[in-house]
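Engineer: What follows is input.txt, compact mmCIF, N, CA and C atoms.
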# COMPACT_ATOMS: atom_id res chain seq x y z
N MET G 1 -9.66 -26.93 -74.19
CA MET G 1 -9.50 -27.47 -72.87
C MET G 1 -10.89 -27.59 -72.25
N HIS G 2 -11.15 -28.73 -71.67
CA HIS G 2 -12.43 -28.99 -71.03
C HIS G 2 -12.23 -29.04 -69.52
N LEU G 3 -12.98 -28.22 -68.80
CA LEU G 3 -12.92 -28.20 -67.34
C LEU G 3 -14.17 -28.87 -66.79
N SER G 4 -14.02 -29.53 -65.66
CA SER G 4 -15.20 -30.11 -65.02
C SER G 4 -16.12 -28.98 -64.58
N ARG G 5 -17.39 -29.30 -64.45
CA ARG G 5 -18.38 -28.28 -64.11
C ARG G 5 -18.08 -27.54 -62.79
N PRO G 6 -17.75 -28.25 -61.70
CA PRO G 6 -17.46 -27.51 -60.47
C PRO G 6 -16.27 -26.56 -60.62
N MET G 7 -15.27 -26.98 -61.36
CA MET G 7 -14.12 -26.11 -61.56
C MET G 7 -14.50 -24.91 -62.44
N TYR G 8 -15.27 -25.15 -63.48
CA TYR G 8 -15.70 -24.08 -64.38
C TYR G 8 -16.56 -23.06 -63.63
N GLU G 9 -17.47 -23.55 -62.79
CA GLU G 9 -18.35 -22.64 -62.06
C GLU G 9 -17.60 -21.89 -60.96
N GLY G 10 -16.51 -22.45 -60.47
CA GLY G 10 -15.75 -21.81 -59.40
C GLY G 10 -14.70 -20.82 -59.87
N LEU G 11 -14.39 -20.80 -61.15
CA LEU G 11 -13.33 -19.91 -61.63
C LEU G 11 -13.58 -18.43 -61.34
N PRO G 12 -14.77 -17.89 -61.57
CA PRO G 12 -14.95 -16.47 -61.24
C PRO G 12 -14.72 -16.17 -59.77
N TRP G 13 -15.11 -17.09 -58.89
CA TRP G 13 -14.88 -16.89 -57.46
C TRP G 13 -13.39 -16.95 -57.13
N LEU G 14 -12.66 -17.78 -57.87
CA LEU G 14 -11.21 -17.83 -57.70
C LEU G 14 -10.57 -16.51 -58.14
N TYR G 15 -11.06 -15.95 -59.26
CA TYR G 15 -10.56 -14.65 -59.72
C TYR G 15 -10.85 -13.56 -58.69
N ILE G 16 -12.05 -13.58 -58.13
CA ILE G 16 -12.43 -12.57 -57.14
C ILE G 16 -11.57 -12.72 -55.89
N ALA G 17 -11.38 -13.94 -55.41
CA ALA G 17 -10.55 -14.17 -54.23
C ALA G 17 -9.11 -13.75 -54.48
N GLY G 18 -8.58 -14.08 -55.65
CA GLY G 18 -7.22 -13.67 -55.99
C GLY G 18 -7.10 -12.16 -56.09
N GLY G 19 -8.12 -11.52 -56.63
CA GLY G 19 -8.11 -10.06 -56.73
C GLY G 19 -8.15 -9.39 -55.38
N LEU G 20 -8.98 -9.92 -54.48
CA LEU G 20 -9.04 -9.36 -53.13
C LEU G 20 -7.72 -9.58 -52.40
N ALA G 21 -7.11 -10.75 -52.61
CA ALA G 21 -5.81 -11.03 -51.99
C ALA G 21 -4.75 -10.06 -52.52
N GLY G 22 -4.78 -9.82 -53.83
CA GLY G 22 -3.84 -8.88 -54.42
C GLY G 22 -4.02 -7.47 -53.89
N LEU G 23 -5.26 -7.06 -53.73
CA LEU G 23 -5.52 -5.73 -53.17
C LEU G 23 -5.07 -5.66 -51.71
N GLY G 24 -5.26 -6.73 -50.97
CA GLY G 24 -4.81 -6.77 -49.59
C GLY G 24 -3.29 -6.70 -49.48
N VAL G 25 -2.61 -7.43 -50.32
CA VAL G 25 -1.14 -7.39 -50.32
C VAL G 25 -0.66 -6.01 -50.73
N SER G 26 -1.31 -5.42 -51.69
CA SER G 26 -0.94 -4.07 -52.12
C SER G 26 -1.11 -3.07 -50.98
N TYR G 27 -2.18 -3.21 -50.23
CA TYR G 27 -2.42 -2.33 -49.09
C TYR G 27 -1.34 -2.53 -48.02
N ALA G 28 -0.97 -3.80 -47.80
CA ALA G 28 0.04 -4.10 -46.78
C ALA G 28 1.42 -3.57 -47.18
N ILE G 29 1.73 -3.64 -48.47
CA ILE G 29 3.03 -3.15 -48.95
C ILE G 29 3.10 -1.64 -48.83
N GLY G 30 2.03 -0.98 -49.17
CA GLY G 30 1.99 0.48 -49.10
C GLY G 30 2.19 1.11 -50.47
N ASP G 31 1.94 2.39 -50.52
CA ASP G 31 2.00 3.12 -51.80
C ASP G 31 3.40 3.50 -52.22
N SER G 32 4.36 3.37 -51.33
CA SER G 32 5.70 3.86 -51.65
C SER G 32 6.48 2.93 -52.57
N HIS G 33 6.01 1.73 -52.77
CA HIS G 33 6.72 0.78 -53.61
C HIS G 33 5.98 0.56 -54.93
N ALA G 34 6.75 0.48 -56.00
CA ALA G 34 6.14 0.23 -57.31
C ALA G 34 5.52 -1.16 -57.36
N VAL G 35 6.08 -2.10 -56.61
CA VAL G 35 5.53 -3.45 -56.57
C VAL G 35 4.11 -3.43 -56.01
N GLY G 36 3.90 -2.62 -54.98
CA GLY G 36 2.57 -2.51 -54.39
C GLY G 36 1.55 -2.00 -55.39
N LEU G 37 1.96 -1.05 -56.20
CA LEU G 37 1.08 -0.52 -57.24
C LEU G 37 0.76 -1.59 -58.28
N LEU G 38 1.77 -2.33 -58.72
CA LEU G 38 1.55 -3.37 -59.73
C LEU G 38 0.66 -4.49 -59.19
N VAL G 39 0.91 -4.89 -57.95
CA VAL G 39 0.08 -5.94 -57.34
C VAL G 39 -1.35 -5.44 -57.17
N GLY G 40 -1.51 -4.18 -56.79
CA GLY G 40 -2.84 -3.61 -56.64
C GLY G 40 -3.59 -3.55 -57.95
N LEU G 41 -2.90 -3.16 -59.01
CA LEU G 41 -3.55 -3.11 -60.33
C LEU G 41 -3.92 -4.50 -60.82
N ALA G 42 -3.03 -5.46 -60.61
CA ALA G 42 -3.34 -6.84 -61.00
C ALA G 42 -4.52 -7.39 -60.18
N GLY G 43 -4.53 -7.08 -58.90
CA GLY G 43 -5.64 -7.51 -58.04
C GLY G 43 -6.96 -6.90 -58.46
N PHE G 44 -6.93 -5.62 -58.79
CA PHE G 44 -8.15 -4.96 -59.24
C PHE G 44 -8.64 -5.55 -60.56
N ALA G 45 -7.70 -5.84 -61.47
CA ALA G 45 -8.09 -6.43 -62.76
C ALA G 45 -8.70 -7.82 -62.56
N ALA G 46 -8.11 -8.62 -61.66
CA ALA G 46 -8.66 -9.95 -61.40
C ALA G 46 -10.05 -9.86 -60.75
N LEU G 47 -10.20 -8.95 -59.80
CA LEU G 47 -11.49 -8.75 -59.15
C LEU G 47 -12.55 -8.31 -60.16
N LEU G 48 -12.22 -7.36 -60.98
CA LEU G 48 -13.15 -6.87 -62.00
C LEU G 48 -13.48 -7.97 -63.01
N GLY G 49 -12.47 -8.73 -63.42
CA GLY G 49 -12.71 -9.82 -64.37
C GLY G 49 -13.63 -10.88 -63.80
N GLY G 50 -13.45 -11.24 -62.53
CA GLY G 50 -14.33 -12.23 -61.90
C GLY G 50 -15.77 -11.76 -61.83
N VAL G 51 -15.97 -10.50 -61.47
CA VAL G 51 -17.33 -9.96 -61.39
C VAL G 51 -17.97 -9.91 -62.78
N VAL G 52 -17.20 -9.52 -63.78
CA VAL G 52 -17.73 -9.45 -65.15
C VAL G 52 -18.14 -10.84 -65.63
N VAL G 53 -17.32 -11.84 -65.38
CA VAL G 53 -17.66 -13.21 -65.81
C VAL G 53 -18.93 -13.69 -65.10
N LEU G 54 -19.04 -13.44 -63.80
CA LEU G 54 -20.26 -13.84 -63.08
C LEU G 54 -21.50 -13.18 -63.65
N LEU G 55 -21.43 -11.88 -63.90
CA LEU G 55 -22.59 -11.16 -64.42
C LEU G 55 -22.94 -11.59 -65.85
N ARG G 56 -21.94 -11.83 -66.67
CA ARG G 56 -22.23 -12.25 -68.05
C ARG G 56 -22.85 -13.65 -68.08
N ARG G 57 -22.37 -14.55 -67.23
CA ARG G 57 -22.97 -15.88 -67.17
C ARG G 57 -24.42 -15.80 -66.72
N ARG G 58 -24.68 -14.99 -65.68
CA ARG G 58 -26.04 -14.85 -65.17
C ARG G 58 -26.96 -14.30 -66.26
N ASP G 59 -26.52 -13.25 -66.96
CA ASP G 59 -27.35 -12.65 -68.00
C ASP G 59 -27.58 -13.61 -69.16
N TYR G 60 -26.54 -14.36 -69.54
CA TYR G 60 -26.68 -15.30 -70.64
C TYR G 60 -27.69 -16.40 -70.29
N ARG G 61 -27.59 -16.92 -69.08
CA ARG G 61 -28.52 -17.97 -68.67
C ARG G 61 -29.95 -17.45 -68.55
N ASP G 62 -30.09 -16.22 -68.08
CA ASP G 62 -31.40 -15.61 -67.98
C ASP G 62 -32.01 -15.39 -69.37
N MET G 63 -31.19 -14.94 -70.32
CA MET G 63 -31.67 -14.71 -71.67
C MET G 63 -32.12 -16.02 -72.31
N ARG G 64 -31.33 -17.08 -72.14
CA ARG G 64 -31.69 -18.38 -72.72
C ARG G 64 -33.00 -18.90 -72.13
N SER G 65 -33.23 -18.69 -70.85
CA SER G 65 -34.47 -19.18 -70.25
C SER G 65 -35.67 -18.36 -70.72
N GLN G 66 -35.48 -17.08 -71.02
CA GLN G 66 -36.58 -16.26 -71.51
C GLN G 66 -37.02 -16.67 -72.90
N TYR G 67 -36.09 -17.16 -73.71
CA TYR G 67 -36.43 -17.56 -75.07
C TYR G 67 -36.78 -19.04 -75.17
N GLY G 68 -36.88 -19.71 -74.04
CA GLY G 68 -37.31 -21.10 -74.04
C GLY G 68 -36.29 -22.06 -74.59
N GLN G 69 -35.04 -21.68 -74.62
CA GLN G 69 -34.00 -22.58 -75.11
C GLN G 69 -33.51 -23.43 -73.96
N PRO G 70 -33.10 -24.63 -74.26
CA PRO G 70 -32.67 -25.53 -73.17
C PRO G 70 -31.43 -24.98 -72.46
N ASP G 71 -31.33 -25.36 -71.24
CA ASP G 71 -30.20 -24.96 -70.42
C ASP G 71 -28.97 -25.75 -70.85
N LEU G 72 -27.89 -25.05 -71.14
CA LEU G 72 -26.67 -25.72 -71.59
C LEU G 72 -25.94 -26.43 -70.45
N THR G 73 -26.35 -26.18 -69.23
CA THR G 73 -25.65 -26.80 -68.11
C THR G 73 -26.11 -28.22 -67.86
N GLN G 74 -27.17 -28.67 -68.54
CA GLN G 74 -27.64 -30.04 -68.37
C GLN G 74 -27.00 -30.90 -69.44
N ARG G 75 -26.46 -32.03 -69.02
CA ARG G 75 -25.80 -32.93 -69.96
C ARG G 75 -26.85 -33.84 -70.61
N ARG G 76 -26.73 -34.00 -71.90
CA ARG G 76 -27.70 -34.82 -72.63
C ARG G 76 -27.17 -36.21 -72.94
N ASP G 77 -25.90 -36.46 -72.68
CA ASP G 77 -25.34 -37.75 -73.00
C ASP G 77 -25.63 -38.80 -71.94
N HIS G 78 -26.21 -38.39 -70.82
CA HIS G 78 -26.57 -39.33 -69.75
C HIS G 78 -28.07 -39.34 -69.52
N ASP G 79 -28.86 -39.66 -70.54
CA ASP G 79 -30.32 -39.70 -70.41
C ASP G 79 -30.80 -40.96 -69.74
For the structure just supplied, provide its representation as structure tokens.
Structural biologist:
Amino acid sequence: MHLSRPMYEGLPWLYIAGGLAGLGVSYAIGDSHAVGLLVGLAGFAALLGGVVVLLRRRDYRDMRSQYGQPDLTQRRDHD
């Protein structure tokens, strides 16, 4: 599956926003319901996943620039 660049770059932020929303809903539901716990765990997993993807992308791009390799974000088919 090929995603457009803006959508691809925005996915981690979507995960983070969804995770924060899940944590907020979990807080609003309260600890007495099992649903609140499940939503909270799912929200935390989405938040953590979004942060991990952001950090891994940053480190990968930094590593590529240190070794003088071309940036993969530039398209070569439109020279």
Engineer: Could you please determine the separation between atom CA of G:Gly10 and atom C of G:Gly49 in Å, to one decimal place?
Structural biologist: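 Those two atoms sit 12.0 Å apart.
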Engineer: Measure the distance from atom C of G:Leu54 to atom C of G:Tyr67 in Å and round it to one decimal.
Structural biologist: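 Atom C of G:Tyr67 lies 20.0 Å from atom C of G:Leu54.
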Engineer: Interatomic distance between atom N of G:Gly50 and atom N of G:Ile16?
Structural biologist: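 Computing it gives 5.2 Å between the two atoms.
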Engineer: Pick the closest to G:Ala42 from G:Asp62, G:Ala17, G:Gly22, G:Ser4: which is it, counting only N, CA and C atoms?
Structural biologist: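 Answer, going by the shortest atom-to-atom distance: G:Gly22.
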Engineer: Identify which of the residues G:Ala46, G:Val53, G:Met7, G:Arg58 lies closest to G:Leu23, counting only C-alpha atoms when measuring atom-to-atom distances.
Structural biologist: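 Closest to G:Leu23 of all the choices is G:Ala46.
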Engineer: Please, what is the axis-aligned box for every listed atom of stretch 9-15 of chain G with 4 Å on each side, as centre and edge lengths in Å to one decimal, as JSON?
Structural biologist:
{"center_x": -14.5, "center_y": -18.6, "center_z": -60.0, "size_x": 15.8, "size_y": 18.0, "size_z": 13.7}
Engineer: Using DSSP on the backbone coordinates, identify the residues of chain G assigned to alpha helix (DSSP H); present them as a count of residues only.
Structural biologist: 58
Engineer: Counting all atoms listed in the file, figure out which residue out of G:Leu38, G:Gly43, G:Val52, G:Ser26 gets nearest to G:Pro12.
Structural biologist: G:Val52
